[in-house]
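Structure first, then comments.
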Amino acid sequence: MERAAVFDVDGTLVDTNHLHVTTWWEAFRQAGHHVSMHAIHRSVGLGSTDLITHLLGDNLEDDEIEALSAAHKALYGTYFDRLPAFEDAGRLLKRLDAAGWAVVLATSAGGRELSALRAAIDADDAIRATASADDVDAGKPSPEPVRHALDLVGIAPEHAVFVGDTVWDMRAGTRAGVTCVGVLCGGIPRASLEDAGADTVYRDPVHLLTSLEEGSGPLGRARTTPEE
């Protein structure tokens, strides 16, 4: 039975969470909103509209939301040519592909942003499909992105693992019925990821690759819990 390894991208495979924090903070500041970077960091992983309403409330006009989203996109876009992948992120995807996993990306990014992220990872030959923000009606923590990712490769949730770095990822994966794996490289604490549904938590792609090569954990042969 073929298995699917579904990956979030920002903060999981590419080290971009703090770039998002900084550029969202600046977009809010330019519009006269004072939002702490800590609050923004805890909201990264939501789609743009959901992030804005989560932080500022539901009373904004549509044009205000669109302006904030456009400002963030413009600010963040200045980094597209130098987004940094985490160490061994591409190697991890290639190793999973070689081991028979269907590797799928499930991300709130789309368009040029998604292209820049994929270029940073540099593992296109290993990526079977991508479920982006352009393809679904609701982003994480809705299960729709994960379910769509699985539909693209025709694999049932019980044969899938979803790897992400935020509570929104873990909630989406849990609601989609897949095994959830958290990573700490996005900056969210282990306890928060576990409370949101993570079955196991790893440090980063290097740690995941090590467990895969050792045959342990959800991506290996055994279902063991990795050490700190």
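Residues in the structure tokens are named by chain (A, B, ... in the order shown) and by number from 1 within that chain; ligands are numbered from 1 in the order shown.
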
Close residues, A:Ser108 itself excluded, 6 Å, only C-alpha atoms, min 5 positions apart in chain, as number ranges by chain: A: 47, 132-133

Residues at most 10 Å from stretch 138-140 of chain A, counting only C-alpha atoms, excluding those fewer than 4 positions away in the same chain, as a VMD selection string? chain A and resid 45 to 50 106 to 108 132 to 134 144 to 146 166 to 173

Preceding selection exported with N, CA and C atoms as a CSV table (one decimal), in the first residue's frame:
chain,number,residue,atom,x,y,z
A,45,GLY,N,0.9,30.7,9.6
A,45,GLY,CA,0.3,29.4,9.2
A,45,GLY,C,-1.1,29.5,8.8
A,46,LEU,N,-1.8,30.5,9.2
A,46,LEU,CA,-3.1,30.8,8.7
A,46,LEU,C,-3.0,31.5,7.4
A,47,GLY,N,-4.1,31.4,6.6
A,47,GLY,CA,-4.1,32.2,5.3
A,47,GLY,C,-4.2,33.6,5.7
A,48,SER,N,-3.9,34.5,4.7
A,48,SER,CA,-3.8,35.9,4.9
A,48,SER,C,-5.1,36.5,5.6
A,49,THR,N,-6.3,36.2,5.0
A,49,THR,CA,-7.5,36.8,5.5
A,49,THR,C,-7.8,36.3,7.0
A,50,ASP,N,-7.5,35.0,7.2
A,50,ASP,CA,-7.8,34.4,8.5
A,50,ASP,C,-6.8,35.0,9.5
A,106,ALA,N,1.3,20.8,1.2
A,106,ALA,CA,0.0,21.5,1.5
A,106,ALA,C,0.3,22.8,2.2
A,107,THR,N,0.1,23.9,1.5
A,107,THR,CA,0.6,25.2,2.0
A,107,THR,C,-0.4,26.3,1.7
A,108,SER,N,-0.4,27.3,2.5
A,108,SER,CA,-1.2,28.5,2.3
A,108,SER,C,-0.6,29.4,1.2
A,132,SER,N,-2.2,24.0,-2.9
A,132,SER,CA,-1.9,25.4,-2.5
A,132,SER,C,-3.1,26.2,-2.1
A,133,ALA,N,-2.9,27.4,-1.6
A,133,ALA,CA,-4.1,28.3,-1.3
A,133,ALA,C,-4.9,28.5,-2.5
A,134,ASP,N,-4.4,28.4,-3.7
A,134,ASP,CA,-5.2,28.6,-4.9
A,134,ASP,C,-6.2,27.5,-5.2
A,144,GLU,N,-9.4,20.9,4.9
A,144,GLU,CA,-9.5,20.9,3.5
A,144,GLU,C,-8.1,20.8,2.7
A,145,PRO,N,-7.1,21.6,3.1
A,145,PRO,CA,-5.8,21.5,2.4
A,145,PRO,C,-5.2,20.1,2.5
A,146,VAL,N,-5.3,19.4,3.6
A,146,VAL,CA,-4.7,18.1,3.8
A,146,VAL,C,-5.5,17.1,3.0
A,166,THR,N,3.1,24.3,13.0
A,166,THR,CA,2.2,25.2,13.8
A,166,THR,C,1.0,24.4,14.4
A,167,VAL,N,0.3,25.0,15.3
A,167,VAL,CA,-0.9,24.4,15.9
A,167,VAL,C,-1.9,24.3,14.8
A,168,TRP,N,-1.9,25.2,13.8
A,168,TRP,CA,-2.9,25.2,12.7
A,168,TRP,C,-2.7,23.9,11.9
A,169,ASP,N,-1.4,23.6,11.6
A,169,ASP,CA,-1.1,22.4,10.9
A,169,ASP,C,-1.6,21.1,11.6
A,170,MET,N,-1.3,21.1,12.9
A,170,MET,CA,-1.7,19.9,13.7
A,170,MET,C,-3.2,19.7,13.8
A,171,ARG,N,-3.9,20.9,13.9
A,171,ARG,CA,-5.4,20.8,14.0
A,171,ARG,C,-5.9,20.3,12.6
A,172,ALA,N,-5.4,20.9,11.5
A,172,ALA,CA,-5.8,20.5,10.2
A,172,ALA,C,-5.6,19.0,10.0
A,173,GLY,N,-4.4,18.5,10.3
A,173,GLY,CA,-4.1,17.1,10.1
A,173,GLY,C,-5.0,16.2,10.9

For A:Ala85, which residue out of A:Val206, A:Ala196, A:Glu64, A:Ala149 is the nearest one, using only C-alpha atoms? A:Val206

What is the atom CA of A:Cys180-atom CA of A:Ala198 distance in Å, reported with one decimal?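 Spanning atom CA of A:Cys180 to atom CA of A:Ala198 is a straight-line distance of 4.8 Å.
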
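Residues in contact with A:Glu66 at 12 Å, where only C-alpha atoms are counted and same-chain residues fewer than 5 positions away are skipped, are listed as A:Ala27, A:Ala31, A:Ser48, A:Thr49, A:Asp50, A:Ile52, A:Thr53, A:Leu60, A:Glu61, A:Ala71, A:His72, A:Lys73.
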
Keeping N, CA and C atoms for every residue in the selection just given, could you write it to a file as a short mmCIF file (atom, residue, chain, number, x, y, z; two decimals), in the first residue's frame?
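Result file is again_3.cif:
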data_model
loop_
_atom_site.label_atom_id
_atom_site.label_comp_id
_atom_site.auth_asym_id
_atom_site.auth_seq_id
_atom_site.Cartn_x
_atom_site.Cartn_y
_atom_site.Cartn_z
N ALA A 27 3.36 45.63 7.72
CA ALA A 27 2.10 45.90 7.02
C ALA A 27 1.06 46.46 7.99
N ALA A 31 -0.51 50.52 8.35
CA ALA A 31 -1.96 50.77 8.34
C ALA A 31 -2.46 51.31 9.67
N SER A 48 -3.93 34.49 4.69
CA SER A 48 -3.84 35.93 4.95
C SER A 48 -5.10 36.49 5.59
N THR A 49 -6.27 36.21 5.00
CA THR A 49 -7.51 36.75 5.55
C THR A 49 -7.76 36.25 6.95
N ASP A 50 -7.54 34.96 7.18
CA ASP A 50 -7.76 34.39 8.51
C ASP A 50 -6.78 34.97 9.52
N ILE A 52 -5.38 37.96 9.45
CA ILE A 52 -5.77 39.34 9.73
C ILE A 52 -6.96 39.40 10.69
N THR A 53 -7.99 38.62 10.40
CA THR A 53 -9.18 38.65 11.26
C THR A 53 -8.89 38.03 12.62
N LEU A 60 -13.36 44.37 10.20
CA LEU A 60 -12.69 45.10 9.12
C LEU A 60 -13.48 45.01 7.82
N GLU A 61 -13.42 46.06 7.04
CA GLU A 61 -14.01 46.04 5.71
C GLU A 61 -13.14 45.20 4.78
N ALA A 71 -0.11 44.58 1.16
CA ALA A 71 1.09 45.18 1.74
C ALA A 71 2.05 44.10 2.23
N HIS A 72 1.51 43.09 2.90
CA HIS A 72 2.35 41.99 3.34
C HIS A 72 2.98 41.27 2.16
N LYS A 73 2.18 41.01 1.14
CA LYS A 73 2.69 40.30 -0.04
C LYS A 73 3.83 41.08 -0.69
#

Quick one: everything within 12 Å of A:Arg112, counting only C-alpha atoms, minus sequence neighbours fewer than 2 positions away in the same chain. Send it as JSON, numbers by chain. {"A": [73, 74, 76, 77, 78, 79, 80, 81, 109, 110, 114, 115, 116, 117, 118, 119, 132, 133, 134]}

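The closest residue to A:Leu51, picked from A:Thr130, A:Ser69, A:Val103, A:Asp63 and counting only C-alpha atoms, is A:Ser69.
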
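If only C-alpha atoms are the atoms counted, then among A:Arg3, A:His20, A:Arg91, A:His34 the closest residue to A:Ala126 is A:Arg91.
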
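Among the candidates A:Val181, A:Val161, A:Ala120, A:Val35, the one nearest to A:Glu87 when counting only C-alpha atoms is A:Ala120.
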
Just the strand (DSSP E or B) stuff from stretch 43-170 of chain A, please, per backbone DSSP, written as a list in words.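 The residues of stretch 43-170 of chain A classed as strand (DSSP E or B) are Val44, Leu46, Ala85, Trp101, Ala102, Val103, Val104, Leu105, Ala106, Ile127, Arg128, Ala129, Thr130, Ala131, Ala160, Val161, Phe162, Val163 and Gly164 of chain A.
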
Between atom CA of A:Pro143 and atom CA of A:His159, distance in Å (one decimal):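 If I compute the distance from atom CA of A:Pro143 to atom CA of A:His159, I get 15.8 Å.
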
Quick check, in Å to one decimal: how far apart do atom CA of A:Leu83 and atom CA of A:Cys185 lie? 15.0 Å

For stretch 6-14 of chain A: contacts at 6 Å, only C-alpha atoms, fewer than 5 positions along chain excluded, given as an mmCIF file with all heavy atoms, in the first residue's frame:
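Okay, this is what ended up in selection-v7.cif:
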data_model
loop_
_atom_site.group_PDB
_atom_site.id
_atom_site.type_symbol
_atom_site.label_atom_id
_atom_site.label_comp_id
_atom_site.auth_asym_id
_atom_site.auth_seq_id
_atom_site.Cartn_x
_atom_site.Cartn_y
_atom_site.Cartn_z
ATOM 1 N N PRO A 84 15.492 30.874 2.561
ATOM 2 C CA PRO A 84 16.419 29.817 2.983
ATOM 3 C C PRO A 84 15.713 28.518 3.382
ATOM 4 O O PRO A 84 14.945 28.479 4.346
ATOM 5 C CB PRO A 84 17.119 30.439 4.202
ATOM 6 C CG PRO A 84 16.065 31.330 4.808
ATOM 7 C CD PRO A 84 15.172 31.797 3.680
ATOM 8 N N ALA A 85 15.986 27.461 2.665
ATOM 9 C CA ALA A 85 15.472 26.151 3.068
ATOM 10 C C ALA A 85 16.217 25.685 4.310
ATOM 11 O O ALA A 85 17.396 26.000 4.510
ATOM 12 C CB ALA A 85 15.656 25.146 1.944
ATOM 13 N N PHE A 86 15.530 24.933 5.167
ATOM 14 C CA PHE A 86 16.213 24.312 6.292
ATOM 15 C C PHE A 86 17.176 23.245 5.780
ATOM 16 O O PHE A 86 16.954 22.634 4.727
ATOM 17 C CB PHE A 86 15.204 23.662 7.244
ATOM 18 C CG PHE A 86 14.448 24.640 8.094
ATOM 19 C CD1 PHE A 86 13.073 24.807 7.934
ATOM 20 C CD2 PHE A 86 15.084 25.398 9.060
ATOM 21 C CE1 PHE A 86 12.373 25.699 8.710
ATOM 22 C CE2 PHE A 86 14.384 26.305 9.849
ATOM 23 C CZ PHE A 86 13.026 26.454 9.669
ATOM 24 N N ALA A 89 16.240 19.748 3.981
ATOM 25 C CA ALA A 89 14.814 19.716 3.621
ATOM 26 C C ALA A 89 14.612 19.011 2.278
ATOM 27 O O ALA A 89 13.779 18.107 2.156
ATOM 28 C CB ALA A 89 14.250 21.129 3.570
ATOM 29 N N VAL A 103 5.129 12.174 -1.952
ATOM 30 C CA VAL A 103 5.400 13.424 -1.260
ATOM 31 C C VAL A 103 4.508 14.527 -1.815
ATOM 32 O O VAL A 103 4.497 14.776 -3.022
ATOM 33 C CB VAL A 103 6.882 13.825 -1.392
ATOM 34 C CG1 VAL A 103 7.136 15.179 -0.734
ATOM 35 C CG2 VAL A 103 7.775 12.746 -0.785
ATOM 36 N N VAL A 104 3.752 15.186 -0.914
ATOM 37 C CA VAL A 104 2.813 16.228 -1.327
ATOM 38 C C VAL A 104 3.022 17.445 -0.430
ATOM 39 O O VAL A 104 3.237 17.302 0.777
ATOM 40 C CB VAL A 104 1.347 15.751 -1.214
ATOM 41 C CG1 VAL A 104 0.410 16.743 -1.901
ATOM 42 C CG2 VAL A 104 1.171 14.362 -1.797
ATOM 43 N N LEU A 105 2.943 18.627 -1.012
ATOM 44 C CA LEU A 105 2.992 19.855 -0.235
ATOM 45 C C LEU A 105 1.577 20.364 0.006
ATOM 46 O O LEU A 105 0.735 20.305 -0.899
ATOM 47 C CB LEU A 105 3.796 20.936 -0.967
ATOM 48 C CG LEU A 105 5.217 20.584 -1.381
ATOM 49 C CD1 LEU A 105 5.879 21.793 -2.041
ATOM 50 C CD2 LEU A 105 6.044 20.092 -0.204
ATOM 51 N N ALA A 106 1.308 20.847 1.214
ATOM 52 C CA ALA A 106 0.024 21.469 1.541
ATOM 53 C C ALA A 106 0.336 22.800 2.219
ATOM 54 O O ALA A 106 0.779 22.829 3.363
ATOM 55 C CB ALA A 106 -0.800 20.583 2.468
ATOM 56 N N THR A 107 0.142 23.891 1.508
ATOM 57 C CA THR A 107 0.614 25.187 1.980
ATOM 58 C C THR A 107 -0.391 26.282 1.703
ATOM 59 O O THR A 107 -1.176 26.193 0.751
ATOM 60 C CB THR A 107 1.960 25.532 1.292
ATOM 61 O OG1 THR A 107 2.340 26.860 1.622
ATOM 62 C CG2 THR A 107 1.860 25.395 -0.221
ATOM 63 N N PHE A 162 1.190 13.808 8.086
ATOM 64 C CA PHE A 162 1.273 15.234 7.786
ATOM 65 C C PHE A 162 2.294 15.870 8.708
ATOM 66 O O PHE A 162 2.213 15.755 9.926
ATOM 67 C CB PHE A 162 -0.093 15.899 7.967
ATOM 68 C CG PHE A 162 -0.094 17.385 7.687
ATOM 69 C CD1 PHE A 162 0.529 17.894 6.567
ATOM 70 C CD2 PHE A 162 -0.716 18.267 8.554
ATOM 71 C CE1 PHE A 162 0.540 19.260 6.308
ATOM 72 C CE2 PHE A 162 -0.723 19.632 8.306
ATOM 73 C CZ PHE A 162 -0.083 20.128 7.174
ATOM 74 N N VAL A 163 3.285 16.567 8.121
ATOM 75 C CA VAL A 163 4.366 17.194 8.876
ATOM 76 C C VAL A 163 4.189 18.708 8.828
ATOM 77 O O VAL A 163 4.090 19.298 7.743
ATOM 78 C CB VAL A 163 5.743 16.813 8.299
ATOM 79 C CG1 VAL A 163 6.861 17.430 9.143
ATOM 80 C CG2 VAL A 163 5.897 15.293 8.213
ATOM 81 N N GLY A 164 4.152 19.346 9.993
ATOM 82 C CA GLY A 164 3.989 20.794 10.050
ATOM 83 C C GLY A 164 4.589 21.375 11.307
ATOM 84 O O GLY A 164 5.000 20.638 12.212
ATOM 85 N N ASP A 165 4.620 22.708 11.368
ATOM 86 C CA ASP A 165 5.297 23.380 12.476
ATOM 87 C C ASP A 165 4.372 24.221 13.342
ATOM 88 O O ASP A 165 4.836 24.813 14.322
ATOM 89 C CB ASP A 165 6.399 24.284 11.928
ATOM 90 C CG ASP A 165 5.834 25.471 11.160
ATOM 91 O OD1 ASP A 165 5.165 25.266 10.133
ATOM 92 O OD2 ASP A 165 6.053 26.623 11.589
ATOM 93 N N GLY A 186 9.929 25.878 13.374
ATOM 94 C CA GLY A 186 9.122 27.065 13.124
ATOM 95 C C GLY A 186 8.971 27.957 14.338
ATOM 96 O O GLY A 186 8.422 29.050 14.231
#

Surrounding residues of A:Leu212 excluding itself and chain neighbours under 3 positions, 10 Å, only C-alpha atoms, as a PyMOL selection string: chain A and resi 92+95-96+99+206-209+215-222

From a backbone DSSP assignment, name each residue in stretch 34-177 of chain A labelled helix (DSSP H, G or I), as a tab-separated table (two decimals) with N, CA and C atoms, in the first residue's frame.
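Saved file part_38.tsv follows:
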chain	number	residue	atom	x	y	z
A	37	MET	N	4.76	41.25	17.78
A	37	MET	CA	5.38	40.22	16.95
A	37	MET	C	5.09	38.83	17.51
A	38	HIS	N	5.00	38.72	18.83
A	38	HIS	CA	4.67	37.42	19.43
A	38	HIS	C	3.30	36.94	18.96
A	39	ALA	N	2.31	37.83	18.95
A	39	ALA	CA	0.97	37.45	18.51
A	39	ALA	C	0.98	37.07	17.03
A	40	ILE	N	1.73	37.81	16.23
A	40	ILE	CA	1.81	37.48	14.80
A	40	ILE	C	2.45	36.11	14.62
A	41	HIS	N	3.53	35.85	15.36
A	41	HIS	CA	4.21	34.56	15.22
A	41	HIS	C	3.27	33.40	15.50
A	42	ARG	N	2.44	33.54	16.52
A	42	ARG	CA	1.51	32.46	16.86
A	42	ARG	C	0.41	32.31	15.82
A	43	SER	N	0.26	33.29	14.94
A	43	SER	CA	-0.79	33.25	13.91
A	43	SER	C	-0.26	32.82	12.55
A	48	SER	N	-3.93	34.49	4.69
A	48	SER	CA	-3.84	35.93	4.95
A	48	SER	C	-5.10	36.49	5.59
A	49	THR	N	-6.27	36.21	5.00
A	49	THR	CA	-7.51	36.75	5.55
A	49	THR	C	-7.76	36.25	6.95
A	50	ASP	N	-7.54	34.96	7.18
A	50	ASP	CA	-7.76	34.39	8.51
A	50	ASP	C	-6.78	34.97	9.52
A	51	LEU	N	-5.53	35.17	9.10
A	51	LEU	CA	-4.54	35.76	10.01
A	51	LEU	C	-4.94	37.17	10.42
A	52	ILE	N	-5.38	37.96	9.45
A	52	ILE	CA	-5.77	39.34	9.73
A	52	ILE	C	-6.96	39.40	10.69
A	53	THR	N	-7.99	38.62	10.40
A	53	THR	CA	-9.18	38.65	11.26
A	53	THR	C	-8.89	38.03	12.62
A	54	HIS	N	-8.01	37.05	12.67
A	54	HIS	CA	-7.63	36.45	13.95
A	54	HIS	C	-6.96	37.48	14.85
A	55	LEU	N	-6.15	38.36	14.26
A	55	LEU	CA	-5.40	39.35	15.03
A	55	LEU	C	-6.15	40.65	15.25
A	56	LEU	N	-6.98	41.04	14.28
A	56	LEU	CA	-7.63	42.36	14.35
A	56	LEU	C	-9.14	42.28	14.56
A	62	ASP	N	-13.77	44.68	3.73
A	62	ASP	CA	-13.02	43.83	2.79
A	62	ASP	C	-11.85	44.57	2.17
A	63	ASP	N	-12.02	45.86	1.88
A	63	ASP	CA	-10.92	46.59	1.25
A	63	ASP	C	-9.75	46.78	2.21
A	64	GLU	N	-10.03	46.87	3.52
A	64	GLU	CA	-8.95	46.96	4.50
A	64	GLU	C	-8.17	45.65	4.55
A	65	ILE	N	-8.87	44.54	4.52
A	65	ILE	CA	-8.22	43.23	4.53
A	65	ILE	C	-7.37	43.06	3.28
A	66	GLU	N	-7.94	43.44	2.13
A	66	GLU	CA	-7.20	43.31	0.88
A	66	GLU	C	-5.95	44.18	0.88
A	67	ALA	N	-6.05	45.39	1.44
A	67	ALA	CA	-4.90	46.29	1.48
A	67	ALA	C	-3.80	45.74	2.39
A	68	LEU	N	-4.18	45.21	3.54
A	68	LEU	CA	-3.20	44.62	4.45
A	68	LEU	C	-2.53	43.41	3.81
A	69	SER	N	-3.32	42.57	3.18
A	69	SER	CA	-2.76	41.39	2.53
A	69	SER	C	-1.81	41.78	1.41
A	70	ALA	N	-2.19	42.79	0.63
A	70	ALA	CA	-1.34	43.25	-0.47
A	70	ALA	C	-0.03	43.85	0.05
A	71	ALA	N	-0.11	44.58	1.16
A	71	ALA	CA	1.09	45.18	1.74
A	71	ALA	C	2.05	44.10	2.23
A	72	HIS	N	1.51	43.09	2.90
A	72	HIS	CA	2.35	41.99	3.34
A	72	HIS	C	2.98	41.27	2.16
A	73	LYS	N	2.18	41.01	1.14
A	73	LYS	CA	2.69	40.30	-0.04
A	73	LYS	C	3.83	41.08	-0.69
A	74	ALA	N	3.68	42.38	-0.79
A	74	ALA	CA	4.72	43.21	-1.41
A	74	ALA	C	6.00	43.20	-0.57
A	75	LEU	N	5.85	43.34	0.75
A	75	LEU	CA	7.01	43.34	1.63
A	75	LEU	C	7.71	41.98	1.64
A	76	TYR	N	6.93	40.92	1.74
A	76	TYR	CA	7.51	39.58	1.78
A	76	TYR	C	8.13	39.20	0.43
A	77	GLY	N	7.55	39.71	-0.63
A	77	GLY	CA	8.04	39.41	-1.97
A	77	GLY	C	9.46	39.86	-2.22
A	80	PHE	N	11.89	36.87	-2.06
A	80	PHE	CA	11.66	35.67	-2.86
A	80	PHE	C	12.93	35.09	-3.47
A	81	ASP	N	13.91	35.93	-3.77
A	81	ASP	CA	15.11	35.42	-4.43
A	81	ASP	C	16.12	34.83	-3.47
A	82	ARG	N	15.81	34.82	-2.17
A	82	ARG	CA	16.78	34.30	-1.20
A	82	ARG	C	16.10	33.63	0.00
A	89	ALA	N	16.24	19.75	3.98
A	89	ALA	CA	14.81	19.72	3.62
A	89	ALA	C	14.61	19.01	2.28
A	90	GLY	N	15.36	19.43	1.27
A	90	GLY	CA	15.24	18.79	-0.03
A	90	GLY	C	15.67	17.34	0.00
A	91	ARG	N	16.73	17.06	0.72
A	91	ARG	CA	17.22	15.68	0.82
A	91	ARG	C	16.18	14.78	1.48
A	92	LEU	N	15.48	15.30	2.48
A	92	LEU	CA	14.43	14.52	3.15
A	92	LEU	C	13.34	14.14	2.17
A	93	LEU	N	12.87	15.09	1.37
A	93	LEU	CA	11.82	14.78	0.40
A	93	LEU	C	12.29	13.77	-0.63
A	94	LYS	N	13.52	13.92	-1.09
A	94	LYS	CA	14.06	12.98	-2.08
A	94	LYS	C	14.20	11.58	-1.49
A	95	ARG	N	14.60	11.51	-0.23
A	95	ARG	CA	14.76	10.21	0.43
A	95	ARG	C	13.40	9.54	0.60
A	96	LEU	N	12.38	10.30	0.96
A	96	LEU	CA	11.04	9.74	1.10
A	96	LEU	C	10.52	9.24	-0.24
A	97	ASP	N	10.73	10.03	-1.28
A	97	ASP	CA	10.32	9.61	-2.62
A	97	ASP	C	10.99	8.30	-3.01
A	98	ALA	N	12.28	8.20	-2.74
A	98	ALA	CA	13.02	6.98	-3.08
A	98	ALA	C	12.53	5.78	-2.26
A	111	GLY	N	0.95	30.93	-6.14
A	111	GLY	CA	1.53	31.82	-7.13
A	111	GLY	C	3.04	31.92	-7.05
A	112	ARG	N	3.55	33.15	-7.16
A	112	ARG	CA	5.00	33.39	-7.15
A	112	ARG	C	5.63	32.97	-5.82
A	113	GLU	N	4.89	33.14	-4.74
A	113	GLU	CA	5.43	32.75	-3.43
A	113	GLU	C	5.70	31.25	-3.39
A	114	LEU	N	4.74	30.46	-3.86
A	114	LEU	CA	4.93	29.02	-3.88
A	114	LEU	C	6.09	28.63	-4.78
A	115	SER	N	6.21	29.29	-5.92
A	115	SER	CA	7.34	29.00	-6.82
A	115	SER	C	8.67	29.28	-6.15
A	116	ALA	N	8.73	30.39	-5.39
A	116	ALA	CA	9.97	30.73	-4.69
A	116	ALA	C	10.29	29.71	-3.60
A	117	LEU	N	9.28	29.24	-2.90
A	117	LEU	CA	9.49	28.24	-1.86
A	117	LEU	C	9.98	26.93	-2.45
A	118	ARG	N	9.39	26.51	-3.56
A	118	ARG	CA	9.81	25.27	-4.21
A	118	ARG	C	11.24	25.39	-4.73
A	119	ALA	N	11.59	26.56	-5.22
A	119	ALA	CA	12.96	26.77	-5.69
A	119	ALA	C	13.94	26.66	-4.53
A	120	ALA	N	13.56	27.17	-3.36
A	120	ALA	CA	14.43	27.08	-2.19
A	120	ALA	C	14.63	25.64	-1.75
A	121	ILE	N	13.57	24.84	-1.78
A	121	ILE	CA	13.66	23.43	-1.36
A	121	ILE	C	14.50	22.62	-2.34
A	124	ASP	N	12.02	19.35	-6.67
A	124	ASP	CA	10.80	19.22	-7.47
A	124	ASP	C	10.57	17.81	-7.99
A	125	ASP	N	11.64	17.09	-8.30
A	125	ASP	CA	11.48	15.74	-8.83
A	125	ASP	C	10.87	14.79	-7.81
A	126	ALA	N	10.97	15.14	-6.53
A	126	ALA	CA	10.45	14.27	-5.47
A	126	ALA	C	9.04	14.64	-5.06
A	144	GLU	N	-9.37	20.87	4.91
A	144	GLU	CA	-9.49	20.87	3.45
A	144	GLU	C	-8.14	20.80	2.73
A	145	PRO	N	-7.12	21.58	3.13
A	145	PRO	CA	-5.84	21.48	2.42
A	145	PRO	C	-5.22	20.09	2.49
A	146	VAL	N	-5.31	19.44	3.65
A	146	VAL	CA	-4.73	18.10	3.80
A	146	VAL	C	-5.54	17.09	3.00
A	147	ARG	N	-6.85	17.18	3.08
A	147	ARG	CA	-7.70	16.25	2.32
A	147	ARG	C	-7.48	16.41	0.82
A	148	HIS	N	-7.35	17.66	0.37
A	148	HIS	CA	-7.10	17.89	-1.04
A	148	HIS	C	-5.76	17.31	-1.45
A	149	ALA	N	-4.75	17.47	-0.60
A	149	ALA	CA	-3.43	16.90	-0.90
A	149	ALA	C	-3.52	15.40	-1.07
A	150	LEU	N	-4.28	14.74	-0.22
A	150	LEU	CA	-4.43	13.29	-0.33
A	150	LEU	C	-5.23	12.89	-1.56
A	151	ASP	N	-6.25	13.68	-1.89
A	151	ASP	CA	-7.04	13.41	-3.09
A	151	ASP	C	-6.16	13.47	-4.34
A	152	LEU	N	-5.19	14.38	-4.35
A	152	LEU	CA	-4.34	14.55	-5.53
A	152	LEU	C	-3.53	13.29	-5.83
A	153	VAL	N	-3.22	12.50	-4.78
A	153	VAL	CA	-2.42	11.29	-4.99
A	153	VAL	C	-3.23	10.02	-4.73
A	157	PRO	N	-6.47	8.70	4.35
A	157	PRO	CA	-5.84	9.32	5.53
A	157	PRO	C	-5.08	8.34	6.41
A	158	GLU	N	-5.58	7.13	6.54
A	158	GLU	CA	-4.92	6.17	7.43
A	158	GLU	C	-3.55	5.72	6.91
A	159	HIS	N	-3.25	6.06	5.68
A	159	HIS	CA	-1.94	5.73	5.10
A	159	HIS	C	-1.11	6.99	4.87
A	167	VAL	N	0.34	25.02	15.31
A	167	VAL	CA	-0.87	24.39	15.86
A	167	VAL	C	-1.93	24.28	14.78
A	168	TRP	N	-1.94	25.22	13.81
A	168	TRP	CA	-2.93	25.17	12.74
A	168	TRP	C	-2.70	23.93	11.87
A	169	ASP	N	-1.42	23.58	11.64
A	169	ASP	CA	-1.11	22.37	10.90
A	169	ASP	C	-1.61	21.14	11.63
A	170	MET	N	-1.32	21.07	12.92
A	170	MET	CA	-1.70	19.89	13.70
A	170	MET	C	-3.22	19.74	13.77
A	171	ARG	N	-3.92	20.85	13.91
A	171	ARG	CA	-5.38	20.78	13.95
A	171	ARG	C	-5.94	20.34	12.61
A	172	ALA	N	-5.37	20.86	11.53
A	172	ALA	CA	-5.84	20.47	10.19
A	172	ALA	C	-5.60	18.99	9.95
A	173	GLY	N	-4.41	18.51	10.31
A	173	GLY	CA	-4.10	17.10	10.11
A	173	GLY	C	-4.96	16.18	10.95
A	174	THR	N	-5.18	16.58	12.20
A	174	THR	CA	-6.03	15.78	13.09
A	174	THR	C	-7.44	15.67	12.54
A	175	ARG	N	-7.98	16.81	12.07
A	175	ARG	CA	-9.34	16.80	11.52
A	175	ARG	C	-9.42	16.01	10.23
A	176	ALA	N	-8.30	15.91	9.51
A	176	ALA	CA	-8.29	15.14	8.26
A	176	ALA	C	-8.07	13.65	8.52
